[in-house]
file run36.txt (compact mmCIF, C-alpha atoms)
# COMPACT_ATOMS: atom_id res chain seq x y z
CA LEU N 30 0.62 -6.13 -13.22
CA PHE N 31 2.02 -3.91 -10.49
CA SER N 32 1.82 -0.20 -9.84
CA GLN N 33 4.77 1.69 -8.36
CA VAL N 34 4.05 3.69 -5.24
CA ALA N 35 6.23 6.25 -3.46
CA VAL N 36 5.47 7.59 0.02
CA ALA N 37 5.57 11.29 0.93
CA PRO N 38 4.42 13.35 3.94
CA ARG N 39 0.99 14.78 3.14
CA ALA N 40 2.20 18.32 3.86
CA LYS N 41 4.74 17.96 1.04
CA LEU N 42 2.23 16.96 -1.65
CA GLU N 43 0.68 19.63 -3.79
CA VAL N 44 -1.39 19.26 -6.95
CA THR N 45 -0.01 21.96 -9.27
CA LYS N 46 -2.20 21.47 -12.34
CA ASN N 47 -5.65 20.19 -13.28
CA ALA N 48 -6.72 19.63 -9.66
CA ASP N 49 -10.31 20.09 -10.85
CA LYS N 50 -10.02 16.87 -12.89
CA LEU N 51 -9.17 14.75 -9.84
CA LYS N 52 -11.85 12.81 -7.99
CA VAL N 53 -11.69 10.21 -5.20
CA ALA N 54 -12.17 6.79 -6.82
CA ASP N 55 -13.81 5.20 -3.75
CA PRO N 56 -14.69 7.53 -0.85
CA ASN N 57 -15.25 4.52 1.44
CA ALA N 58 -11.73 3.08 1.02
CA ALA N 59 -9.17 3.62 3.81
CA ILE N 60 -6.79 5.13 1.28
CA GLN N 61 -8.65 7.64 -0.88
CA ARG N 62 -7.19 7.37 -4.36
CA TYR N 63 -7.37 10.55 -6.39
CA ALA N 64 -7.97 9.58 -10.01
CA CYS N 65 -8.18 11.65 -13.18
CA THR N 66 -11.78 11.90 -14.37
CA GLY N 67 -10.45 12.36 -17.92
CA CYS N 68 -8.29 9.25 -18.37
CA GLY N 69 -8.95 7.23 -15.19
CA VAL N 70 -5.31 7.14 -14.03
CA HIS N 71 -4.76 7.04 -10.26
CA MET N 72 -2.41 9.86 -9.24
CA TYR N 73 -2.08 9.59 -5.47
CA GLY N 74 -3.77 8.23 -2.36
CA ARG N 75 -4.46 10.05 0.90
CA ILE N 76 -5.62 8.80 4.30
CA GLU N 77 -8.11 11.01 6.17
CA ASN N 78 -8.57 8.68 9.16
CA THR N 79 -6.19 10.06 11.80
CA LYS N 80 -6.18 6.69 13.61
CA HIS N 81 -4.86 4.82 10.53
CA PRO N 82 -1.28 3.45 11.02
CA PHE N 83 -0.12 5.36 7.93
CA TYR N 84 -1.99 8.62 8.55
CA GLY N 85 0.20 11.54 7.48
CA PHE N 86 1.61 9.77 4.43
CA ASP N 87 0.43 10.15 0.86
CA PHE N 88 0.96 7.40 -1.71
CA VAL N 89 2.11 8.70 -5.06
CA HIS N 90 1.82 6.59 -8.23
CA THR N 91 5.15 7.24 -9.90
CA GLU N 92 5.04 4.51 -12.53
CA LEU N 93 3.64 6.71 -15.30
CA SER N 94 5.89 9.70 -14.71
CA LYS N 95 8.55 10.56 -17.30
CA ASP N 96 10.52 12.58 -14.74
CA GLN N 97 13.80 11.47 -13.20
CA GLY N 98 14.51 11.58 -9.47
CA TRP N 99 11.70 9.48 -8.00
CA SER N 100 12.74 7.11 -5.23
CA ALA N 101 13.66 3.65 -6.55
CA PRO N 102 11.26 0.82 -5.66
CA GLU N 103 12.49 -1.21 -2.67
CA PHE N 104 10.21 -4.25 -2.50
CA ALA N 105 7.10 -5.78 -4.07
CA ALA N 106 3.96 -5.86 -1.91
CA PHE N 107 0.72 -7.87 -2.11
CA VAL N 108 2.25 -10.07 -4.82
CA SER N 109 -0.27 -12.93 -4.52
CA SER N 110 -3.11 -10.45 -5.10
CA ILE N 111 -2.33 -10.23 -8.84
CA ILE N 112 -4.09 -13.60 -9.12
CA GLU N 113 -7.28 -11.77 -8.13
CA SER N 114 -6.98 -9.63 -11.26
CA GLY N 115 -6.41 -12.62 -13.51
CA THR N 116 -2.78 -13.79 -13.36
CA PRO N 117 -2.77 -17.61 -13.68
CA PRO N 118 -1.63 -19.11 -10.33
CA ASP N 119 0.91 -21.34 -12.10
CA GLN N 120 2.84 -18.23 -13.21
CA MET N 121 3.44 -16.98 -9.66
CA GLY N 122 6.74 -18.85 -9.31
CA ALA N 123 8.07 -17.04 -12.37
CA VAL N 124 6.71 -13.69 -11.17
CA ARG N 125 8.39 -14.00 -7.75
CA ALA N 126 11.65 -15.22 -9.34
CA ARG N 127 11.73 -12.21 -11.65
CA LEU N 128 11.02 -9.79 -8.79
CA LYS N 129 13.93 -11.28 -6.81
CA GLU N 130 16.14 -10.97 -9.89
CA LEU N 131 15.27 -7.25 -9.89
CA HIS N 132 16.17 -7.09 -6.16
CA LEU N 133 12.51 -6.41 -5.35
CA GLU N 134 11.84 -8.88 -2.54
CA PRO N 135 8.29 -10.19 -3.05
CA TYR N 136 5.87 -10.06 -0.11
CA ASP N 137 2.20 -11.08 -0.03
CA CYS N 138 1.47 -8.29 2.45
CA LEU N 139 3.79 -5.31 3.11
CA SER N 140 7.50 -5.51 3.99
CA PRO N 141 8.46 -6.72 7.52
CA ALA N 142 9.43 -3.17 8.58
CA LEU N 143 6.01 -1.82 7.54
CA MET N 144 4.11 -4.79 8.99
CA ASP N 145 5.96 -4.23 12.28
CA ALA N 146 5.01 -0.55 12.13
CA VAL N 147 1.34 -1.47 11.66
CA ALA N 148 1.45 -3.98 14.54
CA THR N 149 3.20 -1.43 16.77
CA HIS N 150 0.49 1.11 15.98
CA ILE N 151 -2.21 -1.44 16.91
CA ALA N 152 -0.36 -2.42 20.12
CA LYS N 153 -0.11 1.21 21.21
CA ALA N 154 -3.75 1.89 20.35
CA SER N 155 -4.85 -1.10 22.46
CA GLY N 156 -2.56 -0.20 25.35
CA VAL N 157 -0.43 -3.37 25.08
CA LEU N 158 2.62 -1.21 24.35
CA LYS N 159 3.26 2.25 25.81
CA ALA N 160 2.25 5.02 23.40
CA LEU T 21 5.00 -16.39 21.48
CA PHE T 22 3.78 -18.67 18.70
CA SER T 23 1.39 -21.57 18.60
CA GLN T 24 1.99 -24.56 16.34
CA VAL T 25 -0.81 -25.47 13.99
CA ALA T 26 -1.24 -28.56 11.82
CA VAL T 27 -3.85 -28.86 9.08
CA ALA T 28 -6.14 -31.88 8.63
CA PRO T 29 -9.26 -32.61 6.55
CA ARG T 30 -12.29 -32.06 8.76
CA ALA T 31 -13.58 -35.57 8.07
CA LYS T 32 -10.40 -36.96 9.63
CA LEU T 33 -10.71 -35.12 12.93
CA GLU T 34 -12.51 -36.76 15.81
CA VAL T 35 -12.63 -35.72 19.45
CA THR T 36 -12.18 -38.98 21.37
CA LYS T 37 -12.37 -37.76 24.97
CA ASN T 38 -13.93 -34.94 26.99
CA ALA T 39 -15.82 -33.47 24.02
CA ASP T 40 -18.30 -32.04 26.53
CA LYS T 41 -15.57 -29.79 27.92
CA LEU T 42 -14.94 -28.12 24.55
CA LYS T 43 -16.60 -24.83 23.65
CA VAL T 44 -16.14 -22.41 20.75
CA ALA T 45 -14.04 -19.49 22.03
CA ASP T 46 -15.57 -16.91 19.65
CA PRO T 47 -18.61 -18.02 17.60
CA ASN T 48 -18.27 -14.92 15.38
CA ALA T 49 -14.71 -15.69 14.25
CA ALA T 50 -14.15 -17.18 10.77
CA ILE T 51 -12.21 -20.02 12.35
CA GLN T 52 -14.12 -21.39 15.32
CA ARG T 53 -11.57 -22.36 17.93
CA TYR T 54 -12.64 -25.16 20.22
CA ALA T 55 -11.20 -24.45 23.65
CA CYS T 56 -11.23 -26.45 26.89
CA THR T 57 -13.64 -24.88 29.38
CA GLY T 58 -11.53 -26.40 32.19
CA CYS T 59 -8.07 -25.02 31.40
CA GLY T 60 -8.69 -22.60 28.52
CA VAL T 61 -6.35 -24.34 26.05
CA HIS T 62 -7.29 -24.10 22.37
CA MET T 63 -7.46 -27.60 20.85
CA TYR T 64 -8.51 -27.10 17.25
CA GLY T 65 -10.22 -24.67 14.89
CA ARG T 66 -12.96 -25.42 12.37
CA ILE T 67 -14.46 -23.36 9.54
CA GLU T 68 -18.22 -23.62 9.03
CA ASN T 69 -18.45 -21.06 6.20
CA THR T 70 -18.43 -23.20 3.03
CA LYS T 71 -17.28 -20.18 0.98
CA HIS T 72 -14.11 -19.70 3.08
CA PRO T 73 -10.87 -20.43 1.12
CA PHE T 74 -9.85 -23.02 3.72
CA TYR T 75 -13.26 -24.66 4.24
CA GLY T 76 -12.79 -28.39 4.73
CA PHE T 77 -9.61 -28.05 6.77
CA ASP T 78 -9.35 -28.17 10.54
CA PHE T 79 -6.47 -26.47 12.37
CA VAL T 80 -5.03 -28.56 15.16
CA HIS T 81 -2.91 -27.04 17.93
CA THR T 82 -0.12 -29.58 18.25
CA GLU T 83 2.28 -27.57 20.40
CA LEU T 84 1.09 -28.97 23.73
CA SER T 85 0.93 -32.62 22.66
CA LYS T 86 3.44 -35.05 24.12
CA ASP T 87 2.85 -37.51 21.27
CA GLN T 88 5.32 -38.16 18.46
CA GLY T 89 4.36 -38.19 14.79
CA TRP T 90 2.85 -34.75 14.27
CA SER T 91 3.84 -33.02 11.06
CA ALA T 92 6.91 -30.80 11.51
CA PRO T 93 6.32 -27.04 11.29
CA GLU T 94 7.20 -25.65 7.84
CA PHE T 95 7.07 -21.88 8.19
CA ALA T 96 6.19 -19.09 10.64
CA ALA T 97 3.04 -17.07 9.84
CA PHE T 98 1.79 -13.67 11.03
CA VAL T 99 5.15 -12.99 12.66
CA SER T 100 4.71 -9.21 13.01
CA SER T 101 1.46 -9.80 14.93
CA ILE T 102 3.36 -10.85 18.09
CA ILE T 103 3.99 -7.12 18.61
CA GLU T 104 0.23 -6.79 19.15
CA SER T 105 0.49 -9.11 22.16
CA GLY T 106 3.40 -7.19 23.66
CA THR T 107 6.68 -8.18 21.97
CA PRO T 108 8.88 -5.04 21.82
CA PRO T 109 9.28 -4.02 18.14
CA ASP T 110 13.08 -3.76 18.53
CA GLN T 111 13.24 -7.51 19.16
CA MET T 112 11.66 -8.45 15.83
CA GLY T 113 15.01 -8.66 14.03
CA ALA T 114 16.19 -11.25 16.54
CA VAL T 115 12.88 -13.16 16.36
CA ARG T 116 13.02 -13.39 12.53
CA ALA T 117 16.72 -14.34 12.60
CA ARG T 118 16.01 -17.16 15.07
CA LEU T 119 13.08 -18.46 12.99
CA LYS T 120 15.32 -18.56 9.89
CA GLU T 121 17.97 -20.38 11.91
CA LEU T 122 15.31 -23.00 12.68
CA HIS T 123 14.47 -23.18 8.94
CA LEU T 124 11.06 -21.67 9.67
CA GLU T 125 10.83 -18.90 7.06
CA PRO T 126 9.07 -15.97 8.73
CA TYR T 127 6.07 -14.40 6.97
CA ASP T 128 3.86 -11.55 8.17
CA CYS T 129 0.85 -13.18 6.51
CA LEU T 130 0.70 -16.84 5.38
CA SER T 131 3.25 -18.57 3.12
CA PRO T 132 3.27 -17.67 -0.62
CA ALA T 133 1.66 -21.02 -1.53
CA LEU T 134 -1.24 -20.41 0.87
CA MET T 135 -1.59 -16.74 -0.08
CA ASP T 136 -1.76 -17.82 -3.73
CA ALA T 137 -4.43 -20.38 -2.80
CA VAL T 138 -6.49 -17.68 -1.07
CA ALA T 139 -6.13 -15.31 -4.05
CA THR T 140 -7.07 -18.12 -6.47
CA HIS T 141 -10.18 -18.85 -4.41
CA ILE T 142 -11.16 -15.16 -4.53
CA ALA T 143 -10.46 -14.96 -8.30
CA LYS T 144 -12.67 -17.99 -8.96
CA ALA T 145 -15.44 -16.69 -6.69
CA SER T 146 -15.42 -13.34 -8.55
CA GLY T 147 -15.29 -15.01 -11.96
CA VAL T 148 -11.89 -13.54 -12.91
CA LEU T 149 -10.49 -17.09 -13.16
CA LYS T 150 -12.46 -20.13 -14.34
CA ALA T 151 -13.80 -22.16 -11.41
call {"tool": "encode", "arguments": {"input": "run36.txt", "output": "structure tokens"}}
result
Amino acid sequence: LFSQVAVAPRAKLEVTKNADKLKVADPNAAIQRYACTGCGVHMYGRIENTKHPFYGFDFVHTELSKDQGWSAPEFAAFVSSIIESGTPPDQMGAVRARLKELHLEPYDCLSPALMDAVATHIAKASGVLKA
Amino acid sequence: LFSQVAVAPRAKLEVTKNADKLKVADPNAAIQRYACTGCGVHMYGRIENTKHPFYGFDFVHTELSKDQGWSAPEFAAFVSSIIESGTPPDQMGAVRARLKELHLEPYDCLSPALMDAVATHIAKASGVLKA
């Protein structure tokens, strides 16, 4: 139901193998997801819009990796959106309860810290807060 | 910082006085907010798009009413967005703590029940869930 996403500075991300197989899934999306043209798996997402609140960060899909050492997941984001891909609404109570059990606080947007960061970015861009 | 909004079926809402003073603040917004042209206060919001997840509900600003009997507020929505109107980001911890103290769970979008309702509406519109 969920993917697992880690955040890394874009300067620290390097594709070491099979870069020629990667293609942007949707060039019009804010976050350009590089997917494997062979198997369809999404590997990472990159933001090219320098005005985006999260510009400078890449989003790495770690859920399919067999390697150790990835950062542990800290919260669950956009939880209600799994209904849009077919989860029956009456199962959402159980889904949120299980996420809490796993110490992954469920949010229907991003976490408060990230939502505050987005709002701060918007406030600075509009001049409401000092840049 | 926050307004207080109650929800009512549109058929149950009637403007009994000074209807001629009300004007839609932004005709292009999804929720058309009827504001007083005399003092600028927003009285209620109405959705005219029949495909909107909350079509059929009006949103009544109850925070300025002196009358008793309005429904009590149940949660705080779009909390992070107050940064966009100038709240310093370092005060958000205190704001969320105070809302919890008042038993108004703070959310940066809507409550889980409403977010699930929106996602269910989208899933039915797209055909992912049976309408």
call {"tool": "calpha_fit_rmsd", "arguments": {"input": "run36.txt", "fixed": "chain T", "moving": "chain N"}}
result
0.0 Å
call {"tool": "interface_residues", "arguments": {"input": "run36.txt", "of": "chain T", "to": "chain N", "cutoff": "7 Å", "atoms": "all atoms listed in the file", "output": "tab-separated table (two decimals) with C-alpha atoms, keeping the file's coordinate frame"}}
result
chain	number	residue	atom	x	y	z
T	100	SER	CA	4.71	-9.21	13.01
T	101	SER	CA	1.46	-9.80	14.93
T	103	ILE	CA	3.99	-7.12	18.61
T	104	GLU	CA	0.23	-6.79	19.15
T	105	SER	CA	0.49	-9.11	22.16
T	106	GLY	CA	3.40	-7.19	23.66
T	109	PRO	CA	9.28	-4.02	18.14
T	128	ASP	CA	3.86	-11.55	8.17
T	129	CYS	CA	0.85	-13.18	6.51
T	132	PRO	CA	3.27	-17.67	-0.62
T	135	MET	CA	-1.59	-16.74	-0.08
T	136	ASP	CA	-1.76	-17.82	-3.73
T	139	ALA	CA	-6.13	-15.31	-4.05
T	140	THR	CA	-7.07	-18.12	-6.47
T	142	ILE	CA	-11.16	-15.16	-4.53
T	143	ALA	CA	-10.46	-14.96	-8.30
T	148	VAL	CA	-11.89	-13.54	-12.91
T	149	LEU	CA	-10.49	-17.09	-13.16
call {"tool": "residues_around", "arguments": {"input": "run36.txt", "residues": "His81 in chain N", "least_positions_apart": "3", "cutoff": "9 Å", "atoms": "only C-alpha atoms", "output": "short mmCIF file (atom, residue, chain, number, x, y, z; two decimals) with C-alpha atoms, in the frame of the given file"}}
result
data_model
loop_
_atom_site.label_atom_id
_atom_site.label_comp_id
_atom_site.auth_asym_id
_atom_site.auth_seq_id
_atom_site.Cartn_x
_atom_site.Cartn_y
_atom_site.Cartn_z
CA ALA N 59 -9.17 3.62 3.81
CA ILE N 76 -5.62 8.80 4.30
CA GLU N 77 -8.11 11.01 6.17
CA ASN N 78 -8.57 8.68 9.16
CA TYR N 84 -1.99 8.62 8.55
CA GLY N 85 0.20 11.54 7.48
CA VAL N 147 1.34 -1.47 11.66
CA HIS N 150 0.49 1.11 15.98
#
call {"tool": "residues_around", "arguments": {"input": "run36.txt", "residues": "range 44-46 of chain N", "least_positions_apart": "5", "cutoff": "12 Å", "atoms": "all atoms listed in the file", "output": "PDB file with C-alpha atoms, in the coordinates of the input"}}
result
ATOM      1  CA  ARG N  39       0.990  14.780   3.140  1.00  0.00           C
ATOM      2  CA  LEU N  51      -9.170  14.750  -9.840  1.00  0.00           C
ATOM      3  CA  TYR N  63      -7.370  10.550  -6.390  1.00  0.00           C
ATOM      4  CA  CYS N  65      -8.180  11.650 -13.180  1.00  0.00           C
ATOM      5  CA  MET N  72      -2.410   9.860  -9.240  1.00  0.00           C
ATOM      6  CA  TYR N  73      -2.080   9.590  -5.470  1.00  0.00           C
ATOM      7  CA  VAL N  89       2.110   8.700  -5.060  1.00  0.00           C
TER       8      VAL N  89
END
call {"tool": "residues_near_point", "arguments": {"input": "run36.txt", "point": "(-10.9, 8.4, -13.9)", "cutoff": "9 Å", "atoms": "all atoms listed in the file", "output": "compact mmCIF listing (two decimals) with C-alpha atoms, in the frame of the given file"}}
result
# COMPACT_ATOMS: atom_id res chain seq x y z
CA LYS N 50 -10.02 16.87 -12.89
CA LEU N 51 -9.17 14.75 -9.84
CA LYS N 52 -11.85 12.81 -7.99
CA VAL N 53 -11.69 10.21 -5.20
CA ALA N 54 -12.17 6.79 -6.82
CA TYR N 63 -7.37 10.55 -6.39
CA ALA N 64 -7.97 9.58 -10.01
CA CYS N 65 -8.18 11.65 -13.18
CA THR N 66 -11.78 11.90 -14.37
CA GLY N 67 -10.45 12.36 -17.92
CA CYS N 68 -8.29 9.25 -18.37
CA GLY N 69 -8.95 7.23 -15.19
CA VAL N 70 -5.31 7.14 -14.03
CA HIS N 71 -4.76 7.04 -10.26
call {"tool": "atom_distance", "arguments": {"input": "run36.txt", "atom1": "CA of Glu83 in chain T", "atom2": "CA of Gln111 in chain T"}}
result
22.9 Å
call {"tool": "atom_distance", "arguments": {"input": "run36.txt", "atom1": "CA of Ala40 in chain N", "atom2": "CA of Gln61 in chain N"}}
result
15.9 Å
call {"tool": "residues_around", "arguments": {"input": "run36.txt", "residues": "Leu131 in chain N", "least_positions_apart": "2", "cutoff": "12 Å", "atoms": "only C-alpha atoms", "output": "NGL selection string"}}
result
:N and (101-105 or 124-129 or 133-135)
call {"tool": "write_last_selection", "arguments": {"input": "run36.txt", "atoms": "C-alpha atoms", "output": "CSV table (one decimal), in the coordinates of the input"}}
result
chain,number,residue,atom,x,y,z
N,101,ALA,CA,13.7,3.6,-6.6
N,102,PRO,CA,11.3,0.8,-5.7
N,103,GLU,CA,12.5,-1.2,-2.7
N,104,PHE,CA,10.2,-4.2,-2.5
N,105,ALA,CA,7.1,-5.8,-4.1
N,124,VAL,CA,6.7,-13.7,-11.2
N,125,ARG,CA,8.4,-14.0,-7.8
N,126,ALA,CA,11.6,-15.2,-9.3
N,127,ARG,CA,11.7,-12.2,-11.6
N,128,LEU,CA,11.0,-9.8,-8.8
N,129,LYS,CA,13.9,-11.3,-6.8
N,133,LEU,CA,12.5,-6.4,-5.4
N,134,GLU,CA,11.8,-8.9,-2.5
N,135,PRO,CA,8.3,-10.2,-3.0
call {"tool": "decode", "arguments": {"input": "run36.txt", "residues": "range 55-81 of chain N", "atoms": "N, CA, C and O atoms", "output": "mmCIF file, in the first residue's frame"}}
result
data_model
loop_
_atom_site.group_PDB
_atom_site.id
_atom_site.type_symbol
_atom_site.label_atom_id
_atom_site.label_comp_id
_atom_site.auth_asym_id
_atom_site.auth_seq_id
_atom_site.Cartn_x
_atom_site.Cartn_y
_atom_site.Cartn_z
ATOM 1 N N ASP N 55 6.752 10.951 -15.326
ATOM 2 C CA ASP N 55 5.840 12.030 -15.736
ATOM 3 C C ASP N 55 6.602 13.349 -15.701
ATOM 4 O O ASP N 55 6.781 13.942 -14.640
ATOM 5 N N PRO N 56 7.056 13.828 -16.870
ATOM 6 C CA PRO N 56 7.882 15.044 -16.908
ATOM 7 C C PRO N 56 7.143 16.284 -16.402
ATOM 8 O O PRO N 56 7.773 17.273 -16.061
ATOM 9 N N ASN N 57 5.813 16.233 -16.328
ATOM 10 C CA ASN N 57 5.052 17.397 -15.884
ATOM 11 C C ASN N 57 4.846 17.441 -14.369
ATOM 12 O O ASN N 57 4.353 18.429 -13.835
ATOM 13 N N ALA N 58 5.186 16.358 -13.660
ATOM 14 C CA ALA N 58 4.996 16.325 -12.210
ATOM 15 C C ALA N 58 6.054 17.178 -11.522
ATOM 16 O O ALA N 58 7.172 17.336 -12.029
ATOM 17 N N ALA N 59 5.708 17.740 -10.353
ATOM 18 C CA ALA N 59 6.645 18.578 -9.598
ATOM 19 C C ALA N 59 7.875 17.768 -9.206
ATOM 20 O O ALA N 59 9.001 18.247 -9.290
ATOM 21 N N ILE N 60 7.633 16.533 -8.772
ATOM 22 C CA ILE N 60 8.736 15.633 -8.446
ATOM 23 C C ILE N 60 8.881 14.645 -9.595
ATOM 24 O O ILE N 60 7.975 13.858 -9.873
ATOM 25 N N GLN N 61 10.014 14.721 -10.300
ATOM 26 C CA GLN N 61 10.222 13.861 -11.463
ATOM 27 C C GLN N 61 10.752 12.515 -10.998
ATOM 28 O O GLN N 61 11.881 12.400 -10.518
ATOM 29 N N ARG N 62 9.925 11.505 -11.139
ATOM 30 C CA ARG N 62 10.259 10.170 -10.642
ATOM 31 C C ARG N 62 10.982 9.384 -11.724
ATOM 32 O O ARG N 62 10.423 9.148 -12.796
ATOM 33 N N TYR N 63 12.200 8.999 -11.433
ATOM 34 C CA TYR N 63 12.989 8.210 -12.366
ATOM 35 C C TYR N 63 12.631 6.743 -12.195
ATOM 36 O O TYR N 63 12.846 6.169 -11.124
ATOM 37 N N ALA N 64 12.064 6.162 -13.251
ATOM 38 C CA ALA N 64 11.598 4.774 -13.182
ATOM 39 C C ALA N 64 12.395 3.922 -14.156
ATOM 40 O O ALA N 64 12.887 4.394 -15.190
ATOM 41 N N CYS N 65 12.499 2.630 -13.836
ATOM 42 C CA CYS N 65 13.207 1.693 -14.703
ATOM 43 C C CYS N 65 12.311 1.327 -15.890
ATOM 44 O O CYS N 65 11.171 0.903 -15.702
ATOM 45 N N THR N 66 12.826 1.520 -17.103
ATOM 46 C CA THR N 66 12.024 1.213 -18.291
ATOM 47 C C THR N 66 11.916 -0.302 -18.488
ATOM 48 O O THR N 66 11.078 -0.763 -19.248
ATOM 49 N N GLY N 67 12.756 -1.073 -17.784
ATOM 50 C CA GLY N 67 12.679 -2.528 -17.872
ATOM 51 C C GLY N 67 11.545 -3.094 -17.024
ATOM 52 O O GLY N 67 10.662 -3.788 -17.531
ATOM 53 N N CYS N 68 11.535 -2.743 -15.731
ATOM 54 C CA CYS N 68 10.569 -3.372 -14.812
ATOM 55 C C CYS N 68 9.524 -2.406 -14.276
ATOM 56 O O CYS N 68 8.560 -2.816 -13.634
ATOM 57 N N GLY N 69 9.693 -1.090 -14.526
ATOM 58 C CA GLY N 69 8.681 -0.130 -14.093
ATOM 59 C C GLY N 69 8.875 0.429 -12.689
ATOM 60 O O GLY N 69 8.170 1.344 -12.276
ATOM 61 N N VAL N 70 9.829 -0.123 -11.929
ATOM 62 C CA VAL N 70 10.040 0.318 -10.545
ATOM 63 C C VAL N 70 10.533 1.766 -10.493
ATOM 64 O O VAL N 70 11.387 2.158 -11.282
ATOM 65 N N HIS N 71 9.968 2.535 -9.561
ATOM 66 C CA HIS N 71 10.423 3.913 -9.344
ATOM 67 C C HIS N 71 11.634 3.894 -8.428
ATOM 68 O O HIS N 71 11.578 3.341 -7.327
ATOM 69 N N MET N 72 12.732 4.510 -8.864
ATOM 70 C CA MET N 72 13.978 4.468 -8.097
ATOM 71 C C MET N 72 14.155 5.711 -7.229
ATOM 72 O O MET N 72 14.444 5.625 -6.060
ATOM 73 N N TYR N 73 14.001 6.886 -7.830
ATOM 74 C CA TYR N 73 14.120 8.107 -7.031
ATOM 75 C C TYR N 73 13.383 9.239 -7.723
ATOM 76 O O TYR N 73 13.035 9.135 -8.910
ATOM 77 N N GLY N 74 13.121 10.306 -6.964
ATOM 78 C CA GLY N 74 12.457 11.483 -7.510
ATOM 79 C C GLY N 74 13.340 12.706 -7.330
ATOM 80 O O GLY N 74 14.072 12.810 -6.340
ATOM 81 N N ARG N 75 13.303 13.599 -8.310
ATOM 82 C CA ARG N 75 14.127 14.811 -8.247
ATOM 83 C C ARG N 75 13.279 16.014 -8.638
ATOM 84 O O ARG N 75 12.433 15.924 -9.530
ATOM 85 N N ILE N 76 13.531 17.123 -7.978
ATOM 86 C CA ILE N 76 12.795 18.370 -8.238
ATOM 87 C C ILE N 76 13.695 19.312 -9.029
ATOM 88 O O ILE N 76 14.803 19.620 -8.589
ATOM 89 N N GLU N 77 13.235 19.760 -10.196
ATOM 90 C CA GLU N 77 14.048 20.680 -11.006
ATOM 91 C C GLU N 77 13.613 22.138 -10.840
ATOM 92 O O GLU N 77 14.328 23.047 -11.228
ATOM 93 N N ASN N 78 12.431 22.349 -10.242
ATOM 94 C CA ASN N 78 11.938 23.705 -10.017
ATOM 95 C C ASN N 78 12.636 24.303 -8.793
ATOM 96 O O ASN N 78 12.376 23.891 -7.659
ATOM 97 N N THR N 79 13.501 25.294 -9.018
ATOM 98 C CA THR N 79 14.294 25.846 -7.909
ATOM 99 C C THR N 79 13.433 26.600 -6.899
ATOM 100 O O THR N 79 13.885 26.896 -5.800
ATOM 101 N N LYS N 80 12.186 26.933 -7.257
ATOM 102 C CA LYS N 80 11.305 27.623 -6.310
ATOM 103 C C LYS N 80 10.495 26.650 -5.446
ATOM 104 O O LYS N 80 9.741 27.066 -4.568
ATOM 105 N N HIS N 81 10.585 25.353 -5.719
ATOM 106 C CA HIS N 81 9.836 24.348 -4.947
ATOM 107 C C HIS N 81 10.381 24.304 -3.508
ATOM 108 O O HIS N 81 11.581 24.398 -3.310
#
